[in-house]
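Here the structure comes first, spelled out in structure tokens, and everything after it is commentary.
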Amino acid sequence: MDFDVAVIGAGPMGSYAADMISKKGWRVALIEEHRKIGVPVQCAGLVTPRVFELVDKKLTVVNRIRGAEIYSPSGRELLIDGKETKAVVLDRAAFDREIAKDALFHGASSFLGSTALKAERRKDGIELSVQTPDRLVKVNCKILIGADGIRSNVAKWFGLPRAESIVKGFEAELVEVDCNPRFAKIFVGNDVAPGFFSWIIPSGETTRVGLCVEKGSAYNYFNKMFQSGESSRFLKNSRTISFVAGAIPFGLLRRTVADNVMIVGDAACQAKASTGGGVYTGLVASKLCADTALLALEADDFSERFLKRYHRNWKKAIGKELKRGLFAHKIYSDLTDKQLEELFDLLDNEKILNLISEKGDMTFPSNIGKHLLKKEPRFLKYVTPAIKALFR
Ligand SMILES: Cc1cc2nc3c(=O)[nH]c(=O)nc-3n(C[C@H](O)[C@H](O)[C@H](O)COP(=O)(O)OP(=O)(O)OC[C@H]3O[C@@H](n4cnc5c(N)ncnc54)[C@H](O)[C@@H]3O)c2cc1C
């Protein structure tokens, strides 16, 4: 079977790229190992409304969030009230399905329940071996887009670099959680979620409860959320409907293209290490990936040299935020509980909280760092050791 472009992975990034390329009349294969797009969901689904500037899928919103209640290791609470919608919670399965539907509507061919097993370079492109539900097929393409997530085989097959670090996650969908529907709850601490944080996110009829950790078992820390600590008091009467494990890869990859090949989304480590958010940044990169694919098809040039414009463009668009996120993550994950409490002391100040409410932006969280340092130079105490570590 011959295609201009084959996309492996019908997550949001793969389907979005497939949609933009098929819309222009090129032959696109969208290959997804699961039989149903969007499941299992490995995401809390919290994004800023900015996502809809790229994909207009507002109908998949299940809740609107205006602020956060953040809990220190000892249980102190900081309330950040944005006073208006600052983030939305998506039905991630529906979101993924809707983007994929657009791609199919525009002519992409779907291979569901089909696993790409290997890729071989041929003189006129790439040949993929794909195990469909009933037979092994060969899919030939000029461009292969690896939107195949954290375990990207495309990156492996073509020698592209892998993540610098990952956080492991565990999340459940619950009912009867005691929480304010307009506020997400965030819990930090080395006994709560080492190196990251845990969350309770009201999601319409259900509530998403989960965490990511840098070390240790995400599942064990997840269970702990119900047994002890601040989170347990909100979860006393809750019932679990479903749960899922996942992971988020971080890094700023030096190469995301090879001859005939581009990788995007989690496959290219395009999630922010500061918050774990990968949907918006991945979609931005996916658009740039599709733009480059379209130019390459017009020019009939699929060399790494030509495709490198995708790498340059996504770095220009989101590279600074990813880099700052990695830096912030490094500072944060080295903090002891005592230092986290000290940080809460600095944050627990009306002027600072107002500043965060006003300037805080989940899409570009690093911007608030600049404002905080300007307003309260004592925050420098946390930044300086990380800068020194960078030059060690
Ligand atoms: C616990 C958790 C919570 C998160 N919460 C948020 C959040 O609130 N907000 C946010 O913005 N981000 C969040 N993220 C990150 C976000 O989910 C990811 O960044 C995003 O899903 C990446 O999308 P993707 O399309 O790159 O990859 P994926 O969504 O992982 O899609 C990759 C697809 O490729 C398919 N695939 C892989 N290999 C093959 C193969 N060989 N053949 C065929 N198909 C294949 C897979 O089945 C999968 O469907 C969270 C992540 C985790 C783990």
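Note on naming: chains are A, B, ... as they come in the structure tokens, residues start from 1 per chain, ligands start from 1 in the order shown.
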Within 12 Å of region 223-232 of chain A, which residues of region 72-179 of chain A show up? Give each one with its shortest atom-to-atom distance in Å (one decimal) and the two atoms involved, counting only C-alpha atoms, rows by chain then rising residue number, as CSV.
```
residue,atom,partner,partner_atom,distance
A:Ser72,CA,A:Glu230,CA,9.0
A:Pro73,CA,A:Gly229,CA,8.2
A:Ser74,CA,A:Gly229,CA,8.2
A:Gly75,CA,A:Glu230,CA,5.7
A:Arg76,CA,A:Glu230,CA,8.9
A:Glu77,CA,A:Glu230,CA,9.6
A:Phe170,CA,A:Asn223,CA,9.7
A:Glu171,CA,A:Asn223,CA,10.4
A:Ala172,CA,A:Asn223,CA,10.6
A:Leu174,CA,A:Phe226,CA,11.9
A:Val177,CA,A:Ser232,CA,10.1
A:Asp178,CA,A:Ser231,CA,10.1
A:Cys179,CA,A:Ser231,CA,10.5
```
Give me a file of those residues, with C-alpha atoms, as a CSV table (one decimal), in the first residue's frame.
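This is the output file part_12.csv:
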```
chain,number,residue,atom,x,y,z
A,72,SER,CA,2.6,21.9,51.4
A,73,PRO,CA,4.2,18.8,52.9
A,74,SER,CA,2.8,19.7,56.3
A,75,GLY,CA,-0.7,20.5,54.9
A,76,ARG,CA,-0.5,24.3,54.7
A,77,GLU,CA,-2.8,25.6,52.0
A,170,PHE,CA,-0.8,6.7,38.1
A,171,GLU,CA,-4.3,8.2,37.9
A,172,ALA,CA,-7.9,7.2,38.7
A,174,LEU,CA,-13.4,8.7,41.0
A,177,VAL,CA,-14.7,13.2,46.1
A,178,ASP,CA,-15.2,16.2,48.4
A,179,CYS,CA,-13.9,19.2,46.5
```
DSSP helix (DSSP H, G or I) selection over region 110-172 of chain A, as a list in words: Asn153, Val154, Ala155, Lys156 and Trp157 of chain A
Å distance separating CA of Ser15 (chain A) from CA of Ala100 (chain A), one decimal place: 4.9 Å
Test item: residues lying within 6 Å of ligand 1 with only C-alpha atoms and all ligand atoms, as an MDAnalysis selection string: chainID A and resid 8:14 31:34 42:47 114:117 147:149 169:171 246:248 265:267 271 276:280
Output file for the residues above (N, CA, C and O atoms, as a compact mmCIF listing (two decimals), in the first residue's frame):
```txt
# COMPACT_ATOMS: atom_id res chain seq x y z
N ILE A 8 2.50 7.08 12.67
CA ILE A 8 2.31 6.01 13.66
C ILE A 8 1.86 6.66 14.97
O ILE A 8 2.58 7.50 15.53
N GLY A 9 0.66 6.29 15.43
CA GLY A 9 0.13 6.83 16.69
C GLY A 9 -1.01 7.79 16.44
O GLY A 9 -0.81 8.86 15.86
N ALA A 10 -2.22 7.40 16.87
CA ALA A 10 -3.38 8.29 16.73
C ALA A 10 -3.72 8.93 18.06
O ALA A 10 -4.87 9.02 18.46
N GLY A 11 -2.68 9.39 18.78
CA GLY A 11 -2.89 10.30 19.91
C GLY A 11 -3.18 11.66 19.29
O GLY A 11 -3.26 11.80 18.06
N PRO A 12 -3.31 12.70 20.11
CA PRO A 12 -3.65 14.01 19.53
C PRO A 12 -2.62 14.51 18.52
O PRO A 12 -2.99 15.10 17.50
N MET A 13 -1.33 14.24 18.78
CA MET A 13 -0.31 14.81 17.88
C MET A 13 -0.31 14.12 16.52
O MET A 13 -0.20 14.78 15.49
N GLY A 14 -0.44 12.79 16.53
CA GLY A 14 -0.46 12.05 15.27
C GLY A 14 -1.68 12.40 14.44
O GLY A 14 -1.59 12.68 13.24
N ILE A 31 -1.84 5.06 11.66
CA ILE A 31 -1.73 3.69 12.19
C ILE A 31 -1.77 3.72 13.72
O ILE A 31 -0.97 4.42 14.35
N GLU A 32 -2.72 2.99 14.30
CA GLU A 32 -2.88 3.01 15.76
C GLU A 32 -3.06 1.58 16.28
O GLU A 32 -3.91 0.85 15.79
N GLU A 33 -2.26 1.24 17.28
CA GLU A 33 -2.30 -0.15 17.75
C GLU A 33 -3.59 -0.50 18.51
O GLU A 33 -4.00 -1.64 18.55
N HIS A 34 -4.20 0.52 19.14
CA HIS A 34 -5.46 0.23 19.84
C HIS A 34 -6.62 0.21 18.85
O HIS A 34 -6.61 0.93 17.86
N GLN A 42 -4.34 8.30 29.31
CA GLN A 42 -3.19 8.44 30.22
C GLN A 42 -2.90 9.92 30.39
O GLN A 42 -1.84 10.41 30.01
N CYS A 43 -3.87 10.65 30.95
CA CYS A 43 -3.76 12.11 30.99
C CYS A 43 -4.81 12.65 31.95
O CYS A 43 -5.91 12.10 32.03
N ALA A 44 -4.46 13.73 32.68
CA ALA A 44 -5.45 14.36 33.55
C ALA A 44 -6.37 15.27 32.75
O ALA A 44 -7.40 15.72 33.25
N GLY A 45 -5.97 15.59 31.53
CA GLY A 45 -6.84 16.36 30.64
C GLY A 45 -6.94 17.83 30.98
O GLY A 45 -7.85 18.52 30.53
N LEU A 46 -6.00 18.35 31.77
CA LEU A 46 -6.04 19.76 32.16
C LEU A 46 -5.20 20.57 31.16
O LEU A 46 -4.00 20.34 31.04
N VAL A 47 -5.85 21.49 30.47
CA VAL A 47 -5.14 22.32 29.48
C VAL A 47 -5.67 23.74 29.58
O VAL A 47 -6.72 23.97 30.18
N SER A 114 -3.82 -1.87 14.76
CA SER A 114 -2.70 -2.25 13.87
C SER A 114 -1.38 -1.73 14.44
O SER A 114 -1.24 -0.53 14.71
N THR A 115 -0.44 -2.64 14.61
CA THR A 115 0.84 -2.26 15.21
C THR A 115 1.93 -2.19 14.15
O THR A 115 2.12 -3.15 13.39
N ALA A 116 2.63 -1.05 14.12
CA ALA A 116 3.80 -0.95 13.22
C ALA A 116 4.93 -1.73 13.88
O ALA A 116 5.36 -1.41 14.98
N LEU A 117 5.39 -2.79 13.20
CA LEU A 117 6.37 -3.69 13.82
C LEU A 117 7.80 -3.32 13.48
O LEU A 117 8.70 -3.48 14.28
N ALA A 147 4.52 9.58 15.92
CA ALA A 147 3.76 10.22 17.00
C ALA A 147 3.38 9.11 17.95
O ALA A 147 2.25 9.01 18.41
N ASP A 148 4.37 8.24 18.20
CA ASP A 148 4.09 6.97 18.88
C ASP A 148 4.45 6.99 20.36
O ASP A 148 4.74 5.95 20.95
N GLY A 149 4.42 8.21 20.95
CA GLY A 149 4.45 8.30 22.40
C GLY A 149 5.79 7.99 23.04
O GLY A 149 6.83 7.91 22.38
N GLY A 169 3.53 7.91 36.24
CA GLY A 169 2.26 8.42 36.75
C GLY A 169 1.25 7.32 37.01
O GLY A 169 1.35 6.21 36.46
N PHE A 170 0.31 7.63 37.87
CA PHE A 170 -0.82 6.73 38.12
C PHE A 170 -2.03 7.62 38.37
O PHE A 170 -1.93 8.60 39.11
N GLU A 171 -3.14 7.30 37.72
CA GLU A 171 -4.30 8.18 37.86
C GLU A 171 -5.59 7.37 37.87
O GLU A 171 -5.67 6.33 37.21
N GLY A 246 0.87 5.54 33.57
CA GLY A 246 1.49 6.16 32.39
C GLY A 246 2.81 6.78 32.78
O GLY A 246 3.26 6.63 33.92
N ALA A 247 3.42 7.49 31.86
CA ALA A 247 4.69 8.17 32.16
C ALA A 247 4.84 9.34 31.21
O ALA A 247 4.24 9.35 30.12
N ILE A 248 5.63 10.33 31.63
CA ILE A 248 5.87 11.49 30.76
C ILE A 248 7.38 11.63 30.56
O ILE A 248 8.13 11.67 31.54
N GLY A 265 5.44 15.16 19.57
CA GLY A 265 4.71 14.85 20.81
C GLY A 265 5.62 14.18 21.83
O GLY A 265 6.81 14.49 21.92
N ASP A 266 5.07 13.25 22.59
CA ASP A 266 5.88 12.57 23.62
C ASP A 266 7.06 11.83 22.99
O ASP A 266 8.09 11.65 23.64
N ALA A 267 6.92 11.38 21.77
CA ALA A 267 8.03 10.70 21.09
C ALA A 267 9.23 11.63 20.99
O ALA A 267 10.38 11.19 20.98
N ALA A 271 6.73 17.57 26.14
CA ALA A 271 5.92 17.99 27.30
C ALA A 271 6.79 18.84 28.23
O ALA A 271 8.01 18.69 28.26
N GLY A 276 4.21 18.90 33.46
CA GLY A 276 3.82 17.63 32.85
C GLY A 276 2.87 17.82 31.69
O GLY A 276 2.48 16.86 31.03
N GLY A 277 2.50 19.06 31.40
CA GLY A 277 1.56 19.33 30.31
C GLY A 277 2.22 19.09 28.96
O GLY A 277 3.27 19.68 28.66
N GLY A 278 1.60 18.24 28.15
CA GLY A 278 2.20 17.94 26.84
C GLY A 278 1.25 18.17 25.69
O GLY A 278 1.65 18.11 24.53
N VAL A 279 -0.03 18.46 26.01
CA VAL A 279 -1.01 18.53 24.92
C VAL A 279 -0.79 19.79 24.07
O VAL A 279 -0.65 19.70 22.85
N TYR A 280 -0.70 20.95 24.72
CA TYR A 280 -0.57 22.19 23.94
C TYR A 280 0.76 22.23 23.18
O TYR A 280 0.79 22.45 21.96
```
Who sits within 12 Å of Asn367 (chain A), only C-alpha atoms, same chain under 4 positions skipped, as a list in words: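 Contacts, with the query itself left out: Ser274, Lys320, Glu321, Arg324, Gly325, Ala328, Leu355, Ile356, Glu358, Lys359, Gly360, Asp361, Met362, Thr363, His371, Leu372, Leu373 and Lys374 of chain A.
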Go ahead and write the selection's residues with N, CA and C atoms as an mmCIF file, in the first residue's frame.
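part_4.cif was written with the following content:
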```
data_model
loop_
_atom_site.group_PDB
_atom_site.id
_atom_site.type_symbol
_atom_site.label_atom_id
_atom_site.label_comp_id
_atom_site.auth_asym_id
_atom_site.auth_seq_id
_atom_site.Cartn_x
_atom_site.Cartn_y
_atom_site.Cartn_z
ATOM 1 N N SER A 274 7.984 21.216 33.883
ATOM 2 C CA SER A 274 7.508 21.991 35.031
ATOM 3 C C SER A 274 6.135 21.517 35.492
ATOM 4 N N LYS A 320 12.243 27.282 24.337
ATOM 5 C CA LYS A 320 12.599 28.070 25.520
ATOM 6 C C LYS A 320 11.775 27.604 26.723
ATOM 7 N N GLU A 321 10.488 27.379 26.495
ATOM 8 C CA GLU A 321 9.616 26.946 27.596
ATOM 9 C C GLU A 321 10.034 25.557 28.101
ATOM 10 N N ARG A 324 13.284 25.974 30.130
ATOM 11 C CA ARG A 324 13.027 26.554 31.455
ATOM 12 C C ARG A 324 12.306 25.546 32.350
ATOM 13 N N GLY A 325 11.428 24.751 31.740
ATOM 14 C CA GLY A 325 10.699 23.728 32.498
ATOM 15 C C GLY A 325 11.662 22.701 33.082
ATOM 16 N N ALA A 328 13.424 24.373 35.970
ATOM 17 C CA ALA A 328 12.542 24.487 37.145
ATOM 18 C C ALA A 328 12.350 23.115 37.795
ATOM 19 N N LEU A 355 -0.022 38.246 42.402
ATOM 20 C CA LEU A 355 0.826 38.246 41.205
ATOM 21 C C LEU A 355 0.663 36.920 40.445
ATOM 22 N N ILE A 356 0.653 35.820 41.206
ATOM 23 C CA ILE A 356 0.505 34.508 40.550
ATOM 24 C C ILE A 356 -0.876 34.407 39.892
ATOM 25 N N GLU A 358 -2.665 36.764 38.766
ATOM 26 C CA GLU A 358 -2.762 37.665 37.623
ATOM 27 C C GLU A 358 -1.907 37.191 36.447
ATOM 28 N N LYS A 359 -0.651 36.810 36.745
ATOM 29 C CA LYS A 359 0.298 36.531 35.651
ATOM 30 C C LYS A 359 0.500 35.045 35.373
ATOM 31 N N GLY A 360 0.041 34.192 36.295
ATOM 32 C CA GLY A 360 0.268 32.752 36.123
ATOM 33 C C GLY A 360 -0.392 32.251 34.845
ATOM 34 N N ASP A 361 0.320 31.415 34.099
ATOM 35 C CA ASP A 361 -0.202 30.910 32.834
ATOM 36 C C ASP A 361 0.299 29.477 32.681
ATOM 37 N N MET A 362 -0.636 28.530 32.748
ATOM 38 C CA MET A 362 -0.244 27.119 32.688
ATOM 39 C C MET A 362 0.443 26.745 31.376
ATOM 40 N N THR A 363 0.152 27.510 30.307
ATOM 41 C CA THR A 363 0.778 27.176 29.025
ATOM 42 C C THR A 363 2.250 27.552 29.035
ATOM 43 N N HIS A 371 8.614 37.057 37.075
ATOM 44 C CA HIS A 371 7.878 38.043 37.878
ATOM 45 C C HIS A 371 8.144 37.840 39.369
ATOM 46 N N LEU A 372 8.192 36.559 39.778
ATOM 47 C CA LEU A 372 8.403 36.282 41.208
ATOM 48 C C LEU A 372 9.790 36.737 41.649
ATOM 49 N N LEU A 373 10.782 36.477 40.799
ATOM 50 C CA LEU A 373 12.151 36.869 41.161
ATOM 51 C C LEU A 373 12.268 38.388 41.284
ATOM 52 N N LYS A 374 11.538 39.082 40.419
ATOM 53 C CA LYS A 374 11.579 40.542 40.454
ATOM 54 C C LYS A 374 10.935 41.051 41.743
#
```
